[in-house]
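Text of target-v9.cif, listed as mmCIF, C-alpha atoms and all ligand atoms:
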```cif
data_protein
loop_
_atom_site.group_PDB
_atom_site.id
_atom_site.type_symbol
_atom_site.label_atom_id
_atom_site.label_comp_id
_atom_site.auth_asym_id
_atom_site.auth_seq_id
_atom_site.Cartn_x
_atom_site.Cartn_y
_atom_site.Cartn_z
ATOM 1 C CA MET A 1427 0.000 0.000 0.000
ATOM 2 C CA LYS A 1428 1.278 3.469 -0.871
ATOM 3 C CA SER A 1429 1.906 5.884 1.964
ATOM 4 C CA THR A 1430 0.158 9.255 2.252
ATOM 5 C CA VAL A 1431 3.468 11.033 2.840
ATOM 6 C CA GLU A 1432 4.761 13.030 -0.106
ATOM 7 C CA THR A 1433 8.434 12.108 -0.392
ATOM 8 C CA GLN A 1434 10.733 15.045 -1.120
ATOM 9 C CA VAL A 1435 13.820 14.378 -3.208
ATOM 10 C CA PHE A 1436 16.832 16.642 -2.720
ATOM 11 C CA GLU A 1437 19.883 16.596 -4.916
ATOM 12 C CA ASN A 1438 21.642 19.517 -3.361
ATOM 13 C CA ILE A 1439 22.581 20.416 0.164
ATOM 14 C CA ALA A 1440 20.986 23.878 0.172
ATOM 15 C CA ASP A 1441 17.512 22.493 -0.651
ATOM 16 C CA LEU A 1442 17.818 19.797 2.006
ATOM 17 C CA ARG A 1443 18.887 22.415 4.556
ATOM 18 C CA GLN A 1444 15.961 24.660 3.672
ATOM 19 C CA TRP A 1445 13.523 21.784 4.172
ATOM 20 C CA ARG A 1446 15.173 20.847 7.465
ATOM 21 C CA CYS A 1447 15.062 24.449 8.657
ATOM 22 C CA ARG A 1448 11.420 24.862 7.722
ATOM 23 C CA LEU A 1449 10.614 21.682 9.586
ATOM 24 C CA ARG A 1450 12.057 23.196 12.724
ATOM 25 C CA TYR A 1451 10.878 26.797 12.573
ATOM 26 C CA LYS A 1452 7.902 27.154 10.303
ATOM 27 C CA ASP A 1453 5.661 24.150 10.017
ATOM 28 C CA ASN A 1454 6.244 22.802 13.526
ATOM 29 C CA PHE A 1455 6.505 25.806 15.751
ATOM 30 C CA ASP A 1456 4.593 24.145 18.591
ATOM 31 C CA ARG A 1457 5.789 20.597 18.171
ATOM 32 C CA GLN A 1458 9.455 20.046 17.384
ATOM 33 C CA PRO A 1459 10.081 17.315 14.827
ATOM 34 C CA ILE A 1460 12.117 14.215 15.652
ATOM 35 C CA VAL A 1461 14.249 13.493 12.619
ATOM 36 C CA GLY A 1462 15.507 9.965 11.972
ATOM 37 C CA PHE A 1463 18.251 9.439 9.402
ATOM 38 C CA VAL A 1464 19.263 6.328 7.472
ATOM 39 C CA PRO A 1465 22.506 6.816 5.510
ATOM 40 C CA THR A 1466 22.892 4.335 2.623
ATOM 41 C CA MET A 1467 24.728 3.799 -0.628
ATOM 42 C CA GLY A 1468 21.480 2.725 -2.302
ATOM 43 C CA ALA A 1469 20.662 -0.557 -4.063
ATOM 44 C CA LEU A 1470 18.202 -0.825 -1.214
ATOM 45 C CA HIS A 1471 17.083 -4.208 0.114
ATOM 46 C CA GLN A 1472 15.146 -5.432 3.139
ATOM 47 C CA GLY A 1473 18.164 -4.842 5.385
ATOM 48 C CA HIS A 1474 18.121 -1.123 4.570
ATOM 49 C CA MET A 1475 14.328 -1.031 4.748
ATOM 50 C CA SER A 1476 14.367 -2.542 8.253
ATOM 51 C CA LEU A 1477 16.325 0.536 9.355
ATOM 52 C CA VAL A 1478 13.819 2.764 7.564
ATOM 53 C CA GLN A 1479 10.879 1.016 9.255
ATOM 54 C CA LYS A 1480 12.488 1.372 12.676
ATOM 55 C CA ALA A 1481 13.136 5.064 12.017
ATOM 56 C CA LEU A 1482 9.540 5.605 10.856
ATOM 57 C CA GLN A 1483 8.253 3.997 14.045
ATOM 58 C CA GLU A 1484 10.460 6.089 16.299
ATOM 59 C CA CYS A 1485 10.606 9.497 14.569
ATOM 60 C CA SER A 1486 8.206 12.083 13.156
ATOM 61 C CA HIS A 1487 10.293 12.566 9.975
ATOM 62 C CA VAL A 1488 12.690 10.204 8.209
ATOM 63 C CA VAL A 1489 15.493 11.110 5.807
ATOM 64 C CA VAL A 1490 17.259 8.457 3.703
ATOM 65 C CA SER A 1491 20.487 9.393 1.952
ATOM 66 C CA ILE A 1492 21.563 7.545 -1.157
ATOM 67 C CA PHE A 1493 25.159 8.339 -1.976
ATOM 68 C CA VAL A 1494 27.870 6.025 -3.256
ATOM 69 C CA ASN A 1495 30.710 7.614 -1.343
ATOM 70 C CA PRO A 1496 33.918 7.523 -3.415
ATOM 71 C CA ILE A 1497 36.264 8.220 -0.486
ATOM 72 C CA GLN A 1498 35.353 5.006 1.326
ATOM 73 C CA PHE A 1499 36.342 2.833 -1.629
ATOM 74 C CA VAL A 1500 39.934 1.684 -1.630
ATOM 75 C CA LYS A 1501 41.955 1.553 -4.856
ATOM 76 C CA GLY A 1502 40.893 -1.389 -7.007
ATOM 77 C CA GLU A 1503 37.465 -1.705 -5.352
ATOM 78 C CA ASP A 1504 34.066 -1.594 -7.059
ATOM 79 C CA PHE A 1505 33.176 2.155 -6.905
ATOM 80 C CA ASP A 1506 32.464 2.439 -10.648
ATOM 81 C CA LYS A 1507 30.411 -0.716 -10.892
ATOM 82 C CA TYR A 1508 28.616 -0.390 -7.541
ATOM 83 C CA PRO A 1509 24.869 -0.805 -8.342
ATOM 84 C CA ARG A 1510 22.914 2.474 -8.616
ATOM 85 C CA PRO A 1511 19.241 1.606 -9.271
ATOM 86 C CA PHE A 1512 18.024 5.033 -8.123
ATOM 87 C CA GLU A 1513 14.452 4.890 -9.502
ATOM 88 C CA LYS A 1514 13.824 1.545 -7.800
ATOM 89 C CA ASP A 1515 15.325 2.828 -4.540
ATOM 90 C CA LEU A 1516 13.157 5.930 -4.687
ATOM 91 C CA GLU A 1517 10.046 3.831 -5.248
ATOM 92 C CA LEU A 1518 10.863 1.776 -2.132
ATOM 93 C CA CYS A 1519 11.288 4.970 -0.103
ATOM 94 C CA VAL A 1520 8.040 6.461 -1.444
ATOM 95 C CA ARG A 1521 6.113 3.278 -0.658
ATOM 96 C CA ALA A 1522 7.566 3.142 2.851
ATOM 97 C CA GLY A 1523 6.551 6.766 3.544
ATOM 98 C CA VAL A 1524 10.038 8.272 3.829
ATOM 99 C CA HIS A 1525 9.783 12.064 4.148
ATOM 100 C CA ALA A 1526 12.966 13.007 2.305
ATOM 101 C CA VAL A 1527 15.480 11.259 0.068
ATOM 102 C CA PHE A 1528 18.831 13.002 -0.183
ATOM 103 C CA HIS A 1529 20.711 12.025 -3.337
ATOM 104 C CA PRO A 1530 23.686 14.355 -3.747
ATOM 105 C CA THR A 1531 26.306 14.232 -6.470
ATOM 106 C CA CYS A 1532 30.015 13.784 -5.719
ATOM 107 C CA GLU A 1533 30.507 17.437 -6.753
ATOM 108 C CA GLN A 1534 27.960 18.520 -4.107
ATOM 109 C CA MET A 1535 29.631 16.470 -1.408
ATOM 110 C CA TYR A 1536 33.249 17.165 -2.357
ATOM 111 C CA PRO A 1537 33.290 20.548 -4.140
ATOM 112 C CA ASN A 1538 37.029 20.966 -3.551
ATOM 113 C CA GLY A 1539 37.797 17.459 -4.740
ATOM 114 C CA GLN A 1540 38.806 14.491 -2.656
ATOM 115 C CA ALA A 1541 42.522 15.230 -2.395
ATOM 116 C CA SER A 1542 42.019 18.436 -0.442
ATOM 117 C CA LEU A 1543 39.485 17.596 2.228
ATOM 118 C CA THR A 1544 39.221 17.868 5.991
ATOM 119 C CA ARG A 1545 38.807 14.281 7.118
ATOM 120 C CA VAL A 1546 37.676 12.500 10.259
ATOM 121 C CA VAL A 1547 40.304 9.989 11.371
ATOM 122 C CA PRO A 1548 38.921 7.349 13.739
ATOM 123 C CA PRO A 1549 41.384 5.893 16.268
ATOM 124 C CA GLY A 1550 43.721 3.219 14.943
ATOM 125 C CA GLU A 1551 42.729 0.695 17.596
ATOM 126 C CA LEU A 1552 39.270 0.593 15.967
ATOM 127 C CA THR A 1553 40.391 0.570 12.347
ATOM 128 C CA GLY A 1554 43.774 -1.199 12.284
ATOM 129 C CA HIS A 1555 42.318 -4.707 12.275
ATOM 130 C CA LEU A 1556 39.359 -6.624 10.801
ATOM 131 C CA CYS A 1557 38.044 -4.819 7.665
ATOM 132 C CA GLY A 1558 40.330 -1.841 8.280
ATOM 133 C CA ALA A 1559 43.406 -4.025 7.721
ATOM 134 C CA PHE A 1560 42.105 -5.110 4.311
ATOM 135 C CA ARG A 1561 40.620 -1.731 3.337
ATOM 136 C CA PRO A 1562 43.129 0.927 4.480
ATOM 137 C CA GLY A 1563 41.468 4.360 4.649
ATOM 138 C CA HIS A 1564 37.959 2.903 4.340
ATOM 139 C CA PHE A 1565 36.752 3.914 7.797
ATOM 140 C CA GLU A 1566 38.259 7.371 7.434
ATOM 141 C CA GLY A 1567 36.077 7.741 4.320
ATOM 142 C CA VAL A 1568 33.037 6.411 6.173
ATOM 143 C CA ALA A 1569 33.530 8.619 9.240
ATOM 144 C CA THR A 1570 34.102 11.687 7.053
ATOM 145 C CA VAL A 1571 30.984 11.235 4.948
ATOM 146 C CA VAL A 1572 28.826 10.332 7.957
ATOM 147 C CA ALA A 1573 30.013 13.456 9.792
ATOM 148 C CA LYS A 1574 29.181 15.569 6.725
ATOM 149 C CA LEU A 1575 25.760 13.946 6.364
ATOM 150 C CA PHE A 1576 25.035 14.525 10.055
ATOM 151 C CA GLY A 1577 25.872 18.209 9.536
ATOM 152 C CA GLN A 1578 23.592 18.406 6.497
ATOM 153 C CA VAL A 1579 20.599 16.427 7.826
ATOM 154 C CA GLU A 1580 20.886 17.346 11.528
ATOM 155 C CA PRO A 1581 19.162 14.157 12.649
ATOM 156 C CA ASN A 1582 18.084 13.426 16.204
ATOM 157 C CA TYR A 1583 18.564 9.688 15.605
ATOM 158 C CA ALA A 1584 20.748 7.911 13.056
ATOM 159 C CA TYR A 1585 20.164 4.259 12.197
ATOM 160 C CA PHE A 1586 22.962 1.799 11.382
ATOM 161 C CA GLY A 1587 22.918 -1.940 10.740
ATOM 162 C CA GLU A 1588 24.806 -4.419 12.909
ATOM 163 C CA LYS A 1589 25.693 -6.115 9.607
ATOM 164 C CA ASP A 1590 28.569 -3.586 9.269
ATOM 165 C CA TYR A 1591 29.655 -4.038 12.857
ATOM 166 C CA GLN A 1592 33.037 -2.308 12.719
ATOM 167 C CA GLN A 1593 31.409 0.661 10.981
ATOM 168 C CA LEU A 1594 28.808 0.861 13.751
ATOM 169 C CA VAL A 1595 31.525 0.923 16.433
ATOM 170 C CA VAL A 1596 33.518 3.558 14.498
ATOM 171 C CA VAL A 1597 30.453 5.802 14.086
ATOM 172 C CA ARG A 1598 29.457 5.454 17.750
ATOM 173 C CA ARG A 1599 32.989 6.414 18.766
ATOM 174 C CA MET A 1600 33.072 9.404 16.393
ATOM 175 C CA VAL A 1601 29.769 10.681 17.799
ATOM 176 C CA ALA A 1602 31.073 10.297 21.363
ATOM 177 C CA ASP A 1603 34.531 11.777 20.709
ATOM 178 C CA LEU A 1604 33.252 14.757 18.686
ATOM 179 C CA ASP A 1605 30.169 15.353 20.889
ATOM 180 C CA LEU A 1606 27.907 15.208 17.863
ATOM 181 C CA PRO A 1607 24.289 15.899 18.838
ATOM 182 C CA VAL A 1608 22.803 12.686 17.447
ATOM 183 C CA ALA A 1609 21.865 9.328 18.977
ATOM 184 C CA VAL A 1610 23.122 6.265 17.100
ATOM 185 C CA VAL A 1611 20.609 3.412 16.926
ATOM 186 C CA ALA A 1612 21.746 -0.103 15.956
ATOM 187 C CA SER A 1613 19.507 -2.568 14.189
ATOM 188 C CA PRO A 1614 19.939 -6.354 13.727
ATOM 189 C CA THR A 1615 21.173 -7.951 10.510
ATOM 190 C CA VAL A 1616 18.434 -9.002 8.096
ATOM 191 C CA ARG A 1617 19.128 -12.320 6.361
ATOM 192 C CA GLU A 1618 17.944 -14.326 3.397
ATOM 193 C CA SER A 1619 16.025 -17.496 4.335
ATOM 194 C CA ASP A 1620 19.248 -19.555 4.095
ATOM 195 C CA GLY A 1621 21.070 -17.250 6.516
ATOM 196 C CA LEU A 1622 23.102 -15.145 4.064
ATOM 197 C CA ALA A 1623 23.242 -11.557 5.341
ATOM 198 C CA MET A 1624 21.500 -9.266 2.852
ATOM 199 C CA SER A 1625 23.929 -6.988 1.035
ATOM 200 C CA SER A 1626 23.867 -4.815 -2.064
ATOM 201 C CA ARG A 1627 26.919 -6.773 -3.231
ATOM 202 C CA ASN A 1628 25.104 -10.148 -3.197
ATOM 203 C CA VAL A 1629 23.885 -9.418 -6.756
ATOM 204 C CA TYR A 1630 27.487 -9.863 -7.935
ATOM 205 C CA LEU A 1631 27.543 -13.523 -6.791
ATOM 206 C CA ASN A 1632 27.213 -16.116 -9.549
ATOM 207 C CA SER A 1633 24.924 -19.069 -8.840
ATOM 208 C CA GLY A 1634 27.738 -21.291 -7.536
ATOM 209 C CA GLU A 1635 29.025 -18.570 -5.214
ATOM 210 C CA ARG A 1636 25.494 -17.762 -4.052
ATOM 211 C CA ALA A 1637 24.957 -21.421 -3.175
ATOM 212 C CA VAL A 1638 27.988 -21.562 -0.852
ATOM 213 C CA ALA A 1639 27.687 -18.029 0.603
ATOM 214 C CA PRO A 1640 25.527 -19.063 3.627
ATOM 215 C CA VAL A 1641 28.585 -20.958 4.937
ATOM 216 C CA LEU A 1642 29.713 -17.685 6.544
ATOM 217 C CA HIS A 1643 26.635 -17.450 8.766
ATOM 218 C CA GLN A 1644 26.692 -21.202 9.454
ATOM 219 C CA THR A 1645 30.326 -20.968 10.571
ATOM 220 C CA LEU A 1646 29.571 -18.035 12.880
ATOM 221 C CA LEU A 1647 26.734 -20.018 14.469
ATOM 222 C CA THR A 1648 29.009 -23.037 14.947
ATOM 223 C CA VAL A 1649 31.847 -20.979 16.459
ATOM 224 C CA SER A 1650 29.388 -19.315 18.833
ATOM 225 C CA LYS A 1651 27.837 -22.651 19.842
ATOM 226 C CA ASN A 1652 31.177 -24.438 20.307
ATOM 227 C CA ALA A 1653 32.616 -21.605 22.374
ATOM 228 C CA THR A 1654 29.583 -20.989 24.584
ATOM 229 C CA SER A 1655 28.852 -24.687 25.187
ATOM 230 C CA LYS A 1656 32.519 -25.052 26.187
ATOM 231 C CA ALA A 1657 32.818 -27.961 23.748
ATOM 232 C CA LEU A 1658 35.927 -26.079 22.569
ATOM 233 C CA THR A 1659 37.882 -23.102 23.870
ATOM 234 C CA LEU A 1660 37.230 -19.876 21.976
ATOM 235 C CA GLN A 1661 40.573 -20.178 20.176
ATOM 236 C CA GLU A 1662 39.871 -23.805 19.227
ATOM 237 C CA ALA A 1663 36.401 -22.855 17.985
ATOM 238 C CA LEU A 1664 37.882 -20.052 15.844
ATOM 239 C CA ALA A 1665 40.621 -22.323 14.480
ATOM 240 C CA ASP A 1666 38.019 -24.958 13.618
ATOM 241 C CA GLY A 1667 35.879 -22.308 11.855
ATOM 242 C CA ARG A 1668 38.872 -20.985 9.884
ATOM 243 C CA ARG A 1669 39.835 -24.517 8.825
ATOM 244 C CA LYS A 1670 36.320 -25.229 7.554
ATOM 245 C CA LEU A 1671 36.071 -21.946 5.653
ATOM 246 C CA GLU A 1672 39.491 -22.430 4.070
ATOM 247 C CA GLN A 1673 38.261 -25.749 2.638
ATOM 248 C CA VAL A 1674 35.340 -24.127 0.778
ATOM 249 C CA PRO A 1675 36.166 -24.050 -2.955
ATOM 250 C CA GLY A 1676 36.419 -20.504 -4.362
ATOM 251 C CA LEU A 1677 36.405 -18.904 -0.900
ATOM 252 C CA THR A 1678 39.346 -16.820 0.346
ATOM 253 C CA LEU A 1679 39.104 -16.166 4.066
ATOM 254 C CA GLN A 1680 40.277 -12.714 5.184
ATOM 255 C CA TYR A 1681 39.562 -13.020 8.891
ATOM 256 C CA LEU A 1682 37.496 -14.847 11.477
ATOM 257 C CA GLU A 1683 37.993 -13.129 14.832
ATOM 258 C CA ALA A 1684 36.322 -12.693 18.209
ATOM 259 C CA CYS A 1685 36.257 -9.198 19.706
ATOM 260 C CA ASP A 1686 34.804 -7.260 22.591
ATOM 261 C CA ALA A 1687 31.430 -6.112 21.241
ATOM 262 C CA ILE A 1688 31.853 -2.554 22.593
ATOM 263 C CA THR A 1689 35.551 -1.760 22.094
ATOM 264 C CA LEU A 1690 36.292 -4.229 19.263
ATOM 265 C CA GLU A 1691 39.442 -5.300 21.114
ATOM 266 C CA PRO A 1692 40.376 -8.876 20.162
ATOM 267 C CA VAL A 1693 39.582 -11.298 22.990
ATOM 268 C CA ALA A 1694 41.495 -14.454 23.895
ATOM 269 C CA GLU A 1695 38.683 -16.149 25.804
ATOM 270 C CA CYS A 1696 34.904 -15.996 25.842
ATOM 271 C CA LYS A 1697 33.587 -12.849 27.489
ATOM 272 C CA HIS A 1698 30.396 -10.851 27.427
ATOM 273 C CA PRO A 1699 29.510 -8.911 25.320
ATOM 274 C CA MET A 1700 31.427 -10.519 22.465
ATOM 275 C CA VAL A 1701 31.076 -10.494 18.705
ATOM 276 C CA VAL A 1702 32.567 -12.931 16.190
ATOM 277 C CA LEU A 1703 33.278 -11.327 12.829
ATOM 278 C CA VAL A 1704 34.134 -12.799 9.459
ATOM 279 C CA ALA A 1705 35.165 -11.484 6.032
ATOM 280 C CA ALA A 1706 35.845 -13.569 2.961
ATOM 281 C CA LYS A 1707 35.987 -13.220 -0.768
ATOM 282 C CA LEU A 1708 33.893 -15.494 -2.929
ATOM 283 C CA GLY A 1709 35.465 -15.046 -6.316
ATOM 284 C CA ASP A 1710 35.733 -11.242 -6.589
ATOM 285 C CA VAL A 1711 32.920 -10.515 -4.151
ATOM 286 C CA ARG A 1712 33.861 -9.498 -0.639
ATOM 287 C CA LEU A 1713 31.317 -10.542 1.992
ATOM 288 C CA ILE A 1714 31.225 -9.741 5.706
ATOM 289 C CA ASP A 1715 29.086 -11.019 8.540
ATOM 290 C CA ASN A 1716 29.121 -11.252 12.322
ATOM 291 C CA ILE A 1717 27.266 -12.708 15.263
ATOM 292 C CA ILE A 1718 26.802 -11.262 18.705
ATOM 293 C CA VAL A 1719 27.497 -14.216 20.976
ATOM 294 C CA PRO A 1720 24.695 -14.748 23.501
ATOM 295 C CA LYS A 1721 25.494 -14.561 27.207
ATOM 296 C CA ILE A 1722 26.454 -17.967 28.544
HETATM 297 P P1 LIG B 1 25.165 0.461 2.771
HETATM 298 O O1 LIG B 1 24.172 0.920 1.766
HETATM 299 O O2 LIG B 1 25.748 -0.879 2.478
HETATM 300 O O3 LIG B 1 26.185 1.521 3.115
HETATM 301 O O4 LIG B 1 24.342 0.231 4.131
HETATM 302 C C1 LIG B 1 23.571 1.259 4.694
HETATM 303 C C2 LIG B 1 23.114 0.833 6.063
HETATM 304 O O5 LIG B 1 22.321 -0.347 5.956
HETATM 305 C C3 LIG B 1 24.280 0.497 7.001
HETATM 306 O O6 LIG B 1 24.000 0.983 8.299
HETATM 307 C C4 LIG B 1 24.299 -1.009 6.965
HETATM 308 O O7 LIG B 1 24.845 -1.586 8.132
HETATM 309 C C5 LIG B 1 22.815 -1.321 6.858
HETATM 310 N N1 LIG B 1 22.616 -2.666 6.327
HETATM 311 C C6 LIG B 1 23.142 -3.187 5.183
HETATM 312 N N2 LIG B 1 22.789 -4.486 5.048
HETATM 313 C C7 LIG B 1 22.022 -4.789 6.132
HETATM 314 C C8 LIG B 1 21.362 -5.976 6.587
HETATM 315 N N3 LIG B 1 21.414 -7.121 5.893
HETATM 316 N N4 LIG B 1 20.675 -5.913 7.736
HETATM 317 C C9 LIG B 1 20.618 -4.759 8.452
HETATM 318 N N5 LIG B 1 21.213 -3.612 8.084
HETATM 319 C C10 LIG B 1 21.918 -3.617 6.941
#
```

Is it possible to give me this structure as structure tokens?
Amino acid sequence: MKSTVETQVFENIADLRQWRCRLRYKDNFDRQPIVGFVPTMGALHQGHMSLVQKALQECSHVVVSIFVNPIQFVKGEDFDKYPRPFEKDLELCVRAGVHAVFHPTCEQMYPNGQASLTRVVPPGELTGHLCGAFRPGHFEGVATVVAKLFGQVEPNYAYFGEKDYQQLVVVRRMVADLDLPVAVVASPTVRESDGLAMSSRNVYLNSGERAVAPVLHQTLLTVSKNATSKALTLQEALADGRRKLEQVPGLTLQYLEACDAITLEPVAECKHPMVVLVAAKLGDVRLIDNIIVPKI
């Protein structure tokens, strides 16, 4: 069913700002709006839409940004071929009842180019391992664009998926360290029926790769079960998981690690709260997933 909200589409920052300002001072003089924000790179799927639904339930107005951010792609990555089905994305936002879609160009976001730019540099202890080790500069690009988007949208709440767990921790830390006036809300990973975490990059998988991709989630479940049941020590459970993943044809394991779920510090033994994170390439497609290990 279509929503009764008329979705505004903004392609430049000034128009978005004007709308945001009017929301605060003109149309809602008596009742201040609560703005929820869902930053995305588009190619929207049910994972993104779960964040949108949560924001719509909790806020009076919801803004979705759709921007494939060049500065978070590392050399040799898929920036040029990243899917950009904007009309389809817009239709999903309209149907959901999103109040504003912000779809800026790279020129709008980086008018002075990317080489000369004030950047947000998250602390190395959060970005030196896991995905950060394989994608140097990635989280700097994420933190920088998220900080800019927060300045443009001025949200009260910003919604992020647990699917990108390291990103969530980096953004939380940036908000805390820079005293940004926004509350970060985390939302659980949405999965396909066979357990594969939904991702815009899943469309790149060929049928053989797609068939084996759920092994990542299955391995996380097994590691979590083995470690919490004490059938194995945490290190044995991780080693067992790595061994199994390394035997999957076409799969190149990047990491399978257990970390403190708040600080992302690697942990030697089971503790609470703990997250087990994995990244692997299936052919050319890089997939990530994680599981928050339940309290024993
Ligand atoms: P992206 O478009 O990949 O930058 O993702 C935008 C937001 O959607 C991020 O906060 C992601 O963590 C979140 N997200 C992506 N995939 C999922 C998923 N399967 N479940 C929940 N959230 C997701």

Run the PyMOL selection byres (((chain A and resi 1672-1682) around 12) and not hetatm) on the file and write out the hits as a VMD selection string. chain A and resid 1555 to 1561 1631 to 1632 1634 to 1643 1645 to 1646 1649 to 1650 1660 to 1661 1663 to 1671 1683 to 1685 1692 1701 to 1717

Since we have the selection now, will you write its residues out, keeping C-alpha atoms, as a PDB file, in the coordinates of the input?
```pdb
ATOM      1  CA  HIS A1555      42.318  -4.707  12.275  1.00  0.00           C
ATOM      2  CA  LEU A1556      39.359  -6.624  10.801  1.00  0.00           C
ATOM      3  CA  CYS A1557      38.044  -4.819   7.665  1.00  0.00           C
ATOM      4  CA  GLY A1558      40.330  -1.841   8.280  1.00  0.00           C
ATOM      5  CA  ALA A1559      43.406  -4.025   7.721  1.00  0.00           C
ATOM      6  CA  PHE A1560      42.105  -5.110   4.311  1.00  0.00           C
ATOM      7  CA  ARG A1561      40.620  -1.731   3.337  1.00  0.00           C
ATOM      8  CA  LEU A1631      27.543 -13.523  -6.791  1.00  0.00           C
ATOM      9  CA  ASN A1632      27.213 -16.116  -9.549  1.00  0.00           C
ATOM     10  CA  GLY A1634      27.738 -21.291  -7.536  1.00  0.00           C
ATOM     11  CA  GLU A1635      29.025 -18.570  -5.214  1.00  0.00           C
ATOM     12  CA  ARG A1636      25.494 -17.762  -4.052  1.00  0.00           C
ATOM     13  CA  ALA A1637      24.957 -21.421  -3.175  1.00  0.00           C
ATOM     14  CA  VAL A1638      27.988 -21.562  -0.852  1.00  0.00           C
ATOM     15  CA  ALA A1639      27.687 -18.029   0.603  1.00  0.00           C
ATOM     16  CA  PRO A1640      25.527 -19.063   3.627  1.00  0.00           C
ATOM     17  CA  VAL A1641      28.585 -20.958   4.937  1.00  0.00           C
ATOM     18  CA  LEU A1642      29.713 -17.685   6.544  1.00  0.00           C
ATOM     19  CA  HIS A1643      26.635 -17.450   8.766  1.00  0.00           C
ATOM     20  CA  THR A1645      30.326 -20.968  10.571  1.00  0.00           C
ATOM     21  CA  LEU A1646      29.571 -18.035  12.880  1.00  0.00           C
ATOM     22  CA  VAL A1649      31.847 -20.979  16.459  1.00  0.00           C
ATOM     23  CA  SER A1650      29.388 -19.315  18.833  1.00  0.00           C
ATOM     24  CA  LEU A1660      37.230 -19.876  21.976  1.00  0.00           C
ATOM     25  CA  GLN A1661      40.573 -20.178  20.176  1.00  0.00           C
ATOM     26  CA  ALA A1663      36.401 -22.855  17.985  1.00  0.00           C
ATOM     27  CA  LEU A1664      37.882 -20.052  15.844  1.00  0.00           C
ATOM     28  CA  ALA A1665      40.621 -22.323  14.480  1.00  0.00           C
ATOM     29  CA  ASP A1666      38.019 -24.958  13.618  1.00  0.00           C
ATOM     30  CA  GLY A1667      35.879 -22.308  11.855  1.00  0.00           C
ATOM     31  CA  ARG A1668      38.872 -20.985   9.884  1.00  0.00           C
ATOM     32  CA  ARG A1669      39.835 -24.517   8.825  1.00  0.00           C
ATOM     33  CA  LYS A1670      36.320 -25.229   7.554  1.00  0.00           C
ATOM     34  CA  LEU A1671      36.071 -21.946   5.653  1.00  0.00           C
ATOM     35  CA  GLU A1683      37.993 -13.129  14.832  1.00  0.00           C
ATOM     36  CA  ALA A1684      36.322 -12.693  18.209  1.00  0.00           C
ATOM     37  CA  CYS A1685      36.257  -9.198  19.706  1.00  0.00           C
ATOM     38  CA  PRO A1692      40.376  -8.876  20.162  1.00  0.00           C
ATOM     39  CA  VAL A1701      31.076 -10.494  18.705  1.00  0.00           C
ATOM     40  CA  VAL A1702      32.567 -12.931  16.190  1.00  0.00           C
ATOM     41  CA  LEU A1703      33.278 -11.327  12.829  1.00  0.00           C
ATOM     42  CA  VAL A1704      34.134 -12.799   9.459  1.00  0.00           C
ATOM     43  CA  ALA A1705      35.165 -11.484   6.032  1.00  0.00           C
ATOM     44  CA  ALA A1706      35.845 -13.569   2.961  1.00  0.00           C
ATOM     45  CA  LYS A1707      35.987 -13.220  -0.768  1.00  0.00           C
ATOM     46  CA  LEU A1708      33.893 -15.494  -2.929  1.00  0.00           C
ATOM     47  CA  GLY A1709      35.465 -15.046  -6.316  1.00  0.00           C
ATOM     48  CA  ASP A1710      35.733 -11.242  -6.589  1.00  0.00           C
ATOM     49  CA  VAL A1711      32.920 -10.515  -4.151  1.00  0.00           C
ATOM     50  CA  ARG A1712      33.861  -9.498  -0.639  1.00  0.00           C
ATOM     51  CA  LEU A1713      31.317 -10.542   1.992  1.00  0.00           C
ATOM     52  CA  ILE A1714      31.225  -9.741   5.706  1.00  0.00           C
ATOM     53  CA  ASP A1715      29.086 -11.019   8.540  1.00  0.00           C
ATOM     54  CA  ASN A1716      29.121 -11.252  12.322  1.00  0.00           C
ATOM     55  CA  ILE A1717      27.266 -12.708  15.263  1.00  0.00           C
TER      56      ILE A1717
END
```

At most 6 Å from ligand LIG 1 (chain B) (only C-alpha atoms and all ligand atoms): residue list as a count of residues only: 18

Find the residues around Ile1460 (chain A) up to 12 Å (all atoms listed in the file counted), leave out those fewer than 5 positions away in its own chain, and share them as a list in words. Arg1446, Leu1449, Arg1450, Asn1454, Ala1481, Leu1482, Gln1483, Glu1484, Cys1485, Ser1486, His1487, Val1488, Val1489, His1525, Val1579, Glu1580, Pro1581, Asn1582, Tyr1583, Ala1584, Val1608 and Ala1609 of chain A

For a test of reading the model, state the distance in Å between CA of Phe1463 (chain A) and CA of Phe1493 (chain A), rounded to one decimal.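 According to the coordinates, CA of Phe1463 (chain A) and CA of Phe1493 (chain A) are separated by 13.4 Å.
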
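What separates CA of Gly1577 (chain A) from CA of Ser1542 (chain A) is a distance of 19.0 Å.
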
Distance criterion (only C-alpha atoms): nearest to Lys1697 (chain A) out of A:Gln1498, A:Asn1628, A:Thr1659, A:Gln1434: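 Comparing A:Gln1498, A:Asn1628, A:Thr1659, A:Gln1434 against Lys1697 (chain A), the winner is A:Thr1659.
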
Work out how far apart CA of Lys1651 (chain A) and CA of Ala1687 (chain A) are and give it in Å to one decimal.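 About the pair CA of Lys1651 (chain A) and CA of Ala1687 (chain A): they are 17.0 Å apart.
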
Residues near Glu1551 (chain A), cut-off 9 Å, all atoms listed in the file, skip fewer than 4 positions along chain, as a ChimeraX atom specification: /A:1555,1689-1691

Using all atoms listed in the file, which residue out of A:Ala1469, A:Leu1543, A:Leu1552, A:Leu1594 lies closest to Tyr1508 (chain A)?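 The closest residue to Tyr1508 (chain A) is A:Ala1469.
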
Have a look at A:Val1490, A:Val1464, A:Ala1526, A:Val1719 and name the one nearest to Thr1648 (chain A); count all atoms listed in the file.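 Counting all atoms listed in the file, the residue closest to Thr1648 (chain A) is A:Val1719.
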
Between A:Val1571, A:Val1546, A:Met1475, A:Leu1518, single out the one closest to Pro1496 (chain A), counting all atoms listed in the file.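 Of A:Val1571, A:Val1546, A:Met1475, A:Leu1518, the one nearest Pro1496 (chain A) is A:Val1571, counting all atoms listed in the file.
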